[in-house]
Amino acid sequence: MTSIPLGRGNRVSYIGAMSTLAASSDRADRRVPNQAGDRAVGLWLLSVAVMIFAMAVIGAITRLTESGLSIMEWAPISGTLPPLSHDEWERLFALYKTIPEYQQINRGMSLADFKEIFWWEWIHRLWGRLIGAVFAGGFLILLFRRKISRALTPHLIAMFALGGLQGLVGWYMVASGFAERTDVSQYRLAAHLGLALAIYAYVLWITFGLLAPAPAQSDGARALRTGLRAFAGLLAATILAGALVAGINAGLTYNTFPKMAGEWVPSGYWIREPTWANPFENPAAVQFNHRVLAVLTVITALGLWGWARTRPLAATARRAFDLLALAALGQLGLGIWTLLWVVPVWLGAAHQAGALTLLALTVWALTRLSPTSNTPTPARG
């Protein structure tokens, strides 16, 4: 129900990360509420999560406008500044002219046209640097003010390390489009986005536990938690299938719903050789898989909502399932709209935002289902 791609191995690892996150959500709730340090750290992490949300939407726009290969240099420091002279613009444009995307697709484009795609990629990279600065700066300030507990420190260090890894994966993705391809590898694109979403969910899990510890639920919520974890895995699979759709531009074909070219199952599903590559590289198969998973995700969300109505849950937990069901329905509608309109940039970006919202609500619902016993937070350092 989103628009991004994952390779086979990366897809498995991302689903595993989502399952681990879901299983860990119980521990995030077992905290003593209303500590001043928790609130300060929670608000800081919430700002980071909002920035990651914006980063993913900017990334979607960068992908949809085919802007991702416009900057061919990895310059973490000097690349913070855009070109400041005409000669520098010409130098970067000359580099772009050496790659297949220009030679086979954009040959003859003007410098003004190049600047249009350049700015989206530059904003995307700059925003990533800003996230790193906000995270590192906030961590140091809060550490100096002794607002960070010993229990939280390993989580924050892990987040910082994952953020650094994300930058490397981003460059690894971009470099895949410099040699023989006219676009980046859909598998590397998926790895980049999948890691971003895993970091986003991790940050939200910690944030919700700090700012809004859930009231303890009865043991009857245990089965519902298990069901919600399974839903998180299904959502991850749907997001990864949508990633493949974006990675090979599968959304630009079969722009009808519910049938595809008048068929419930496209006849071209298995036309690619080798056969195993069809679910990952054949536009007909990739789009069909995403459609099926999207519908299953909505059905599961509605099933969980109905199940939650039968359980003795706290009001906040009930509202979490209400929002989850509404968001799933809205995301399906947004996806169909995007498909029927042949993926305009603004709708594609909105669909990406919908996936991020649905993921956030899944994490929120998990943190509302805390067990009966609460364990005090370890002493602060």
# chains A, B, ... in the order shown; residues from 1 in each chain; ligands from 1
$ residues_around --residues "A:Leu293" --least-positions-apart "3" --cutoff "12 Å" --atoms "only C-alpha atoms" --output "PyMOL selection string"
chain A and resi 1-2+231+233-242+286-290+296-300+328+332
$ write_last_selection --atoms "N, CA, C and O atoms" --output "mmCIF file, in the first residue's frame"
data_model
loop_
_atom_site.group_PDB
_atom_site.id
_atom_site.type_symbol
_atom_site.label_atom_id
_atom_site.label_comp_id
_atom_site.auth_asym_id
_atom_site.auth_seq_id
_atom_site.Cartn_x
_atom_site.Cartn_y
_atom_site.Cartn_z
ATOM 1 N N MET A 1 0.814 -1.200 0.000
ATOM 2 C CA MET A 1 0.000 0.000 0.000
ATOM 3 C C MET A 1 0.842 1.240 0.000
ATOM 4 O O MET A 1 0.454 2.293 0.398
ATOM 5 N N THR A 2 2.095 1.083 -0.376
ATOM 6 C CA THR A 2 2.980 2.234 -0.530
ATOM 7 C C THR A 2 3.684 2.101 -1.836
ATOM 8 O O THR A 2 3.323 1.297 -2.656
ATOM 9 N N PHE A 231 -0.152 -8.704 12.032
ATOM 10 C CA PHE A 231 -0.546 -7.623 11.120
ATOM 11 C C PHE A 231 0.660 -6.765 10.754
ATOM 12 O O PHE A 231 0.797 -6.344 9.601
ATOM 13 N N GLY A 233 3.688 -7.734 10.447
ATOM 14 C CA GLY A 233 4.432 -8.466 9.431
ATOM 15 C C GLY A 233 3.769 -8.381 8.065
ATOM 16 O O GLY A 233 4.445 -8.215 7.043
ATOM 17 N N LEU A 234 2.434 -8.473 8.034
ATOM 18 C CA LEU A 234 1.704 -8.347 6.771
ATOM 19 C C LEU A 234 1.867 -6.947 6.194
ATOM 20 O O LEU A 234 2.056 -6.770 4.984
ATOM 21 N N LEU A 235 1.794 -5.936 7.042
ATOM 22 C CA LEU A 235 1.989 -4.558 6.587
ATOM 23 C C LEU A 235 3.381 -4.381 5.997
ATOM 24 O O LEU A 235 3.554 -3.731 4.957
ATOM 25 N N ALA A 236 4.384 -4.975 6.645
ATOM 26 C CA ALA A 236 5.746 -4.886 6.123
ATOM 27 C C ALA A 236 5.835 -5.510 4.737
ATOM 28 O O ALA A 236 6.441 -4.942 3.815
ATOM 29 N N ALA A 237 5.205 -6.666 4.566
ATOM 30 C CA ALA A 237 5.218 -7.330 3.258
ATOM 31 C C ALA A 237 4.527 -6.475 2.203
ATOM 32 O O ALA A 237 4.980 -6.387 1.051
ATOM 33 N N THR A 238 3.438 -5.816 2.583
ATOM 34 C CA THR A 238 2.711 -4.959 1.646
ATOM 35 C C THR A 238 3.546 -3.754 1.247
ATOM 36 O O THR A 238 3.594 -3.361 0.079
ATOM 37 N N ILE A 239 4.222 -3.166 2.216
ATOM 38 C CA ILE A 239 5.085 -2.020 1.929
ATOM 39 C C ILE A 239 6.212 -2.427 0.985
ATOM 40 O O ILE A 239 6.534 -1.717 0.032
ATOM 41 N N LEU A 240 6.807 -3.574 1.234
ATOM 42 C CA LEU A 240 7.898 -4.029 0.381
ATOM 43 C C LEU A 240 7.422 -4.357 -1.027
ATOM 44 O O LEU A 240 8.119 -4.100 -2.003
ATOM 45 N N ALA A 241 6.216 -4.900 -1.134
ATOM 46 C CA ALA A 241 5.653 -5.150 -2.462
ATOM 47 C C ALA A 241 5.408 -3.829 -3.186
ATOM 48 O O ALA A 241 5.629 -3.713 -4.400
ATOM 49 N N GLY A 242 4.939 -2.827 -2.452
ATOM 50 C CA GLY A 242 4.768 -1.503 -3.040
ATOM 51 C C GLY A 242 6.085 -0.892 -3.442
ATOM 52 O O GLY A 242 6.168 -0.140 -4.433
ATOM 53 N N VAL A 286 4.355 -7.975 -10.145
ATOM 54 C CA VAL A 286 4.658 -7.102 -9.013
ATOM 55 C C VAL A 286 3.426 -6.297 -8.615
ATOM 56 O O VAL A 286 3.084 -6.190 -7.429
ATOM 57 N N GLN A 287 2.728 -5.732 -9.602
ATOM 58 C CA GLN A 287 1.545 -4.949 -9.266
ATOM 59 C C GLN A 287 0.428 -5.829 -8.717
ATOM 60 O O GLN A 287 -0.265 -5.457 -7.756
ATOM 61 N N PHE A 288 0.241 -7.019 -9.302
ATOM 62 C CA PHE A 288 -0.788 -7.932 -8.809
ATOM 63 C C PHE A 288 -0.524 -8.310 -7.351
ATOM 64 O O PHE A 288 -1.437 -8.309 -6.520
ATOM 65 N N ASN A 289 0.710 -8.646 -7.037
ATOM 66 C CA ASN A 289 1.059 -9.019 -5.663
ATOM 67 C C ASN A 289 0.762 -7.891 -4.686
ATOM 68 O O ASN A 289 0.245 -8.109 -3.583
ATOM 69 N N HIS A 290 1.079 -6.673 -5.089
ATOM 70 C CA HIS A 290 0.840 -5.530 -4.218
ATOM 71 C C HIS A 290 -0.660 -5.327 -3.993
ATOM 72 O O HIS A 290 -1.095 -5.043 -2.865
ATOM 73 N N LEU A 296 -5.564 -7.715 1.541
ATOM 74 C CA LEU A 296 -5.433 -8.553 2.735
ATOM 75 C C LEU A 296 -5.097 -7.725 3.965
ATOM 76 O O LEU A 296 -5.580 -8.009 5.074
ATOM 77 N N THR A 297 -4.283 -6.700 3.783
ATOM 78 C CA THR A 297 -3.927 -5.830 4.902
ATOM 79 C C THR A 297 -5.165 -5.120 5.449
ATOM 80 O O THR A 297 -5.365 -5.030 6.661
ATOM 81 N N VAL A 298 -6.009 -4.625 4.567
ATOM 82 C CA VAL A 298 -7.228 -3.945 4.999
ATOM 83 C C VAL A 298 -8.179 -4.920 5.685
ATOM 84 O O VAL A 298 -8.745 -4.617 6.750
ATOM 85 N N ILE A 299 -8.349 -6.077 5.106
ATOM 86 C CA ILE A 299 -9.237 -7.080 5.712
ATOM 87 C C ILE A 299 -8.737 -7.440 7.114
ATOM 88 O O ILE A 299 -9.519 -7.554 8.064
ATOM 89 N N THR A 300 -7.428 -7.610 7.253
ATOM 90 C CA THR A 300 -6.860 -7.951 8.563
ATOM 91 C C THR A 300 -7.042 -6.813 9.555
ATOM 92 O O THR A 300 -7.364 -7.039 10.729
ATOM 93 N N ALA A 328 -6.133 2.163 7.339
ATOM 94 C CA ALA A 328 -5.970 1.099 6.347
ATOM 95 C C ALA A 328 -6.946 1.290 5.183
ATOM 96 O O ALA A 328 -6.571 1.165 4.013
ATOM 97 N N LEU A 332 -5.860 2.229 1.256
ATOM 98 C CA LEU A 332 -6.291 1.448 0.097
ATOM 99 C C LEU A 332 -6.956 2.354 -0.940
ATOM 100 O O LEU A 332 -6.664 2.268 -2.139
#
$ residues_around --residues "A:Phe118" --least-positions-apart "4" --cutoff "8 Å" --atoms "only C-alpha atoms" --output "ChimeraX atom specification"
/A:67,70-71,114,122
$ write_last_selection --atoms "N, CA and C atoms" --output "CSV table (one decimal), in the first residue's frame"
chain,number,residue,atom,x,y,z
A,67,SER,N,14.8,12.0,-10.1
A,67,SER,CA,15.9,13.0,-9.8
A,67,SER,C,17.0,12.3,-9.1
A,70,SER,N,20.9,12.6,-10.2
A,70,SER,CA,21.4,13.9,-10.7
A,70,SER,C,22.7,14.4,-10.0
A,71,ILE,N,23.0,13.8,-8.8
A,71,ILE,CA,24.2,14.1,-8.1
A,71,ILE,C,25.1,12.9,-8.0
A,114,PHE,N,18.2,20.2,-15.9
A,114,PHE,CA,19.0,19.5,-15.0
A,114,PHE,C,18.9,20.1,-13.6
A,122,TRP,N,19.2,17.1,-4.0
A,122,TRP,CA,20.0,17.9,-3.0
A,122,TRP,C,19.2,18.1,-1.8
$ closest_residue --among "A:Val295, A:Tyr269, A:Leu324, A:Leu334" --to "A:Gly348" --atoms "only C-alpha atoms"
A:Leu334
$ residues_around --residues "A:Val345" --least-positions-apart "6" --cutoff "12 Å" --atoms "only C-alpha atoms" --output "PyMOL selection string"
chain A and resi 3+57-66+246+251-252+338-339+351-352
$ residues_around --residues "stretch 198-204 of chain A" --least-positions-apart "2" --cutoff "8 Å" --atoms "only C-alpha atoms" --output "ChimeraX atom specification"
/A:14,17-18,21,45-46,48-49,52-53,159,162-163,194-196,206-208,359-360,363-364
$ select_by_dssp --residues "stretch 66-282 of chain A" --states "alpha helix (DSSP H)" --output "MDAnalysis selection string"
chainID A and resid 86:96 100 111:144 153:175 186:211 222:247 278:281
$ closest_residue --among "A:Ala294, A:Ala179, A:Val41, A:Leu302" --to "A:Phe321" --atoms "only C-alpha atoms"
A:Leu302
$ residues_around --residues "A:Ile271" --least-positions-apart "4" --cutoff "10 Å" --atoms "only C-alpha atoms" --output "list in words"
Ser267, Thr275, Ala277, Asn278, Asn282, Ala284 and Ala285 of chain A
$ write_last_selection --atoms "all heavy atoms" --output "PDB file, in the first residue's frame"
ATOM      1  N   SER A 267      -2.592 -12.318 -17.382  1.00  0.00           N
ATOM      2  CA  SER A 267      -2.068 -13.477 -18.114  1.00  0.00           C
ATOM      3  C   SER A 267      -0.550 -13.412 -18.272  1.00  0.00           C
ATOM      4  O   SER A 267       0.098 -14.430 -18.524  1.00  0.00           O
ATOM      5  CB  SER A 267      -2.726 -13.565 -19.492  1.00  0.00           C
ATOM      6  OG  SER A 267      -2.562 -12.349 -20.216  1.00  0.00           O
ATOM      7  N   THR A 275      11.824 -17.961 -14.087  1.00  0.00           N
ATOM      8  CA  THR A 275      10.478 -17.871 -13.521  1.00  0.00           C
ATOM      9  C   THR A 275      10.469 -17.203 -12.152  1.00  0.00           C
ATOM     10  O   THR A 275       9.566 -16.416 -11.843  1.00  0.00           O
ATOM     11  CB  THR A 275       9.859 -19.281 -13.418  1.00  0.00           C
ATOM     12  OG1 THR A 275       9.830 -19.869 -14.719  1.00  0.00           O
ATOM     13  CG2 THR A 275       8.458 -19.215 -12.861  1.00  0.00           C
ATOM     14  N   ALA A 277      12.033 -14.809 -11.028  1.00  0.00           N
ATOM     15  CA  ALA A 277      12.197 -13.352 -11.039  1.00  0.00           C
ATOM     16  C   ALA A 277      10.878 -12.611 -11.235  1.00  0.00           C
ATOM     17  O   ALA A 277      10.805 -11.407 -10.977  1.00  0.00           O
ATOM     18  CB  ALA A 277      13.175 -12.954 -12.141  1.00  0.00           C
ATOM     19  N   ASN A 278       9.822 -13.297 -11.687  1.00  0.00           N
ATOM     20  CA  ASN A 278       8.568 -12.619 -11.991  1.00  0.00           C
ATOM     21  C   ASN A 278       7.984 -11.836 -10.810  1.00  0.00           C
ATOM     22  O   ASN A 278       7.594 -10.677 -10.980  1.00  0.00           O
ATOM     23  CB  ASN A 278       7.538 -13.620 -12.526  1.00  0.00           C
ATOM     24  CG  ASN A 278       7.784 -13.971 -13.973  1.00  0.00           C
ATOM     25  OD1 ASN A 278       7.378 -13.251 -14.880  1.00  0.00           O
ATOM     26  ND2 ASN A 278       8.477 -15.089 -14.200  1.00  0.00           N
ATOM     27  N   ASN A 282       8.819  -8.503 -12.830  1.00  0.00           N
ATOM     28  CA  ASN A 282       7.796  -8.441 -13.871  1.00  0.00           C
ATOM     29  C   ASN A 282       6.701  -7.467 -13.429  1.00  0.00           C
ATOM     30  O   ASN A 282       6.021  -7.710 -12.426  1.00  0.00           O
ATOM     31  CB  ASN A 282       7.215  -9.828 -14.099  1.00  0.00           C
ATOM     32  CG  ASN A 282       6.070  -9.843 -15.093  1.00  0.00           C
ATOM     33  OD1 ASN A 282       5.683  -8.819 -15.642  1.00  0.00           O
ATOM     34  ND2 ASN A 282       5.512 -11.025 -15.312  1.00  0.00           N
ATOM     35  N   ALA A 284       3.640  -6.854 -14.284  1.00  0.00           N
ATOM     36  CA  ALA A 284       2.310  -7.434 -14.080  1.00  0.00           C
ATOM     37  C   ALA A 284       2.245  -8.197 -12.760  1.00  0.00           C
ATOM     38  O   ALA A 284       1.295  -8.047 -11.978  1.00  0.00           O
ATOM     39  CB  ALA A 284       1.954  -8.362 -15.243  1.00  0.00           C
ATOM     40  N   ALA A 285       3.256  -9.015 -12.496  1.00  0.00           N
ATOM     41  CA  ALA A 285       3.283  -9.816 -11.274  1.00  0.00           C
ATOM     42  C   ALA A 285       3.473  -8.934 -10.047  1.00  0.00           C
ATOM     43  O   ALA A 285       2.813  -9.128  -9.013  1.00  0.00           O
ATOM     44  CB  ALA A 285       4.396 -10.858 -11.358  1.00  0.00           C
TER      45      ALA A 285
END
$ residues_around --residues "A:Trp171" --least-positions-apart "3" --cutoff "12 Å" --atoms "only C-alpha atoms" --output "count of residues only"
26
$ atom_distance --atom1 "atom CA of A:Gly330" --atom2 "atom CA of A:Gly354"
7.9 Å
$ atom_distance --atom1 "atom CA of A:Ile131" --atom2 "atom CA of A:Thr153"
18.4 Å
$ atom_distance --atom1 "atom CA of A:Thr357" --atom2 "atom CA of A:Ala315"
20.7 Å
$ closest_residue --among "A:Leu126, A:Leu43, A:Glu88, A:Glu180" --to "A:Gln103" --atoms "only C-alpha atoms"
A:Glu180
$ decode --residues "stretch 237-264 of chain A" --atoms "N, CA, C and O atoms" --output "compact mmCIF listing (two decimals), in the first residue's frame"
# COMPACT_ATOMS: atom_id res chain seq x y z
N ALA A 237 5.21 -6.67 4.57
CA ALA A 237 5.22 -7.33 3.26
C ALA A 237 4.53 -6.47 2.20
O ALA A 237 4.98 -6.39 1.05
N THR A 238 3.44 -5.82 2.58
CA THR A 238 2.71 -4.96 1.65
C THR A 238 3.55 -3.75 1.25
O THR A 238 3.59 -3.36 0.08
N ILE A 239 4.22 -3.17 2.22
CA ILE A 239 5.09 -2.02 1.93
C ILE A 239 6.21 -2.43 0.99
O ILE A 239 6.53 -1.72 0.03
N LEU A 240 6.81 -3.57 1.23
CA LEU A 240 7.90 -4.03 0.38
C LEU A 240 7.42 -4.36 -1.03
O LEU A 240 8.12 -4.10 -2.00
N ALA A 241 6.22 -4.90 -1.13
CA ALA A 241 5.65 -5.15 -2.46
C ALA A 241 5.41 -3.83 -3.19
O ALA A 241 5.63 -3.71 -4.40
N GLY A 242 4.94 -2.83 -2.45
CA GLY A 242 4.77 -1.50 -3.04
C GLY A 242 6.09 -0.89 -3.44
O GLY A 242 6.17 -0.14 -4.43
N ALA A 243 7.14 -1.23 -2.70
CA ALA A 243 8.46 -0.75 -3.06
C ALA A 243 8.89 -1.28 -4.42
O ALA A 243 9.46 -0.56 -5.24
N LEU A 244 8.59 -2.53 -4.67
CA LEU A 244 8.91 -3.10 -5.98
C LEU A 244 8.12 -2.42 -7.09
O LEU A 244 8.63 -2.18 -8.18
N VAL A 245 6.87 -2.09 -6.81
CA VAL A 245 6.06 -1.37 -7.79
C VAL A 245 6.74 -0.06 -8.19
O VAL A 245 6.86 0.26 -9.37
N ALA A 246 7.20 0.67 -7.19
CA ALA A 246 7.87 1.95 -7.48
C ALA A 246 9.20 1.73 -8.18
O ALA A 246 9.56 2.48 -9.10
N GLY A 247 9.93 0.70 -7.76
CA GLY A 247 11.27 0.49 -8.29
C GLY A 247 11.32 0.16 -9.76
O GLY A 247 12.28 0.51 -10.45
N ILE A 248 10.28 -0.51 -10.28
CA ILE A 248 10.28 -0.86 -11.71
C ILE A 248 9.16 -0.14 -12.46
O ILE A 248 8.79 -0.52 -13.57
N ASN A 249 8.61 0.92 -11.83
CA ASN A 249 7.55 1.73 -12.46
C ASN A 249 6.35 0.88 -12.87
O ASN A 249 5.69 1.15 -13.88
N ALA A 250 6.03 -0.13 -12.06
CA ALA A 250 4.90 -1.00 -12.38
C ALA A 250 3.56 -0.30 -12.26
O ALA A 250 2.56 -0.77 -12.81
N GLY A 251 3.52 0.81 -11.54
CA GLY A 251 2.27 1.54 -11.38
C GLY A 251 1.86 2.29 -12.63
O GLY A 251 0.73 2.82 -12.69
N LEU A 252 2.72 2.34 -13.63
CA LEU A 252 2.40 3.05 -14.87
C LEU A 252 1.70 2.14 -15.87
O LEU A 252 1.39 2.57 -17.00
N THR A 253 1.45 0.91 -15.49
CA THR A 253 0.74 -0.05 -16.35
C THR A 253 -0.48 -0.58 -15.61
O THR A 253 -0.59 -0.44 -14.38
N TYR A 254 -1.41 -1.22 -16.33
CA TYR A 254 -2.61 -1.81 -15.73
C TYR A 254 -3.33 -0.81 -14.82
O TYR A 254 -3.59 -1.07 -13.65
N ASN A 255 -3.65 0.35 -15.37
CA ASN A 255 -4.23 1.42 -14.56
C ASN A 255 -5.75 1.33 -14.51
O ASN A 255 -6.49 2.28 -14.81
N THR A 256 -6.22 0.15 -14.11
CA THR A 256 -7.64 -0.11 -13.87
C THR A 256 -7.77 -0.87 -12.56
O THR A 256 -6.80 -1.48 -12.08
N PHE A 257 -8.97 -0.84 -12.00
CA PHE A 257 -9.20 -1.57 -10.75
C PHE A 257 -10.68 -1.94 -10.68
O PHE A 257 -11.53 -1.15 -11.07
N PRO A 258 -11.03 -3.15 -10.23
CA PRO A 258 -10.16 -4.16 -9.60
C PRO A 258 -9.44 -5.08 -10.58
O PRO A 258 -8.51 -5.77 -10.18
N LYS A 259 -9.91 -5.15 -11.85
CA LYS A 259 -9.26 -6.05 -12.79
C LYS A 259 -8.03 -5.40 -13.43
O LYS A 259 -7.90 -4.17 -13.44
N MET A 260 -7.16 -6.23 -13.97
CA MET A 260 -5.97 -5.78 -14.67
C MET A 260 -6.09 -6.17 -16.13
O MET A 260 -6.05 -7.36 -16.46
N ALA A 261 -6.30 -5.18 -17.01
CA ALA A 261 -6.54 -5.43 -18.43
C ALA A 261 -7.68 -6.41 -18.63
O ALA A 261 -7.63 -7.31 -19.47
N GLY A 262 -8.73 -6.25 -17.81
CA GLY A 262 -9.91 -7.09 -17.93
C GLY A 262 -9.79 -8.46 -17.30
O GLY A 262 -10.70 -9.29 -17.42
N GLU A 263 -8.68 -8.75 -16.61
CA GLU A 263 -8.45 -10.07 -16.01
C GLU A 263 -8.25 -9.91 -14.49
O GLU A 263 -7.65 -8.95 -14.03
N TRP A 264 -8.75 -10.88 -13.75
CA TRP A 264 -8.52 -10.86 -12.31
C TRP A 264 -7.06 -11.17 -11.99
O TRP A 264 -6.48 -10.58 -11.07
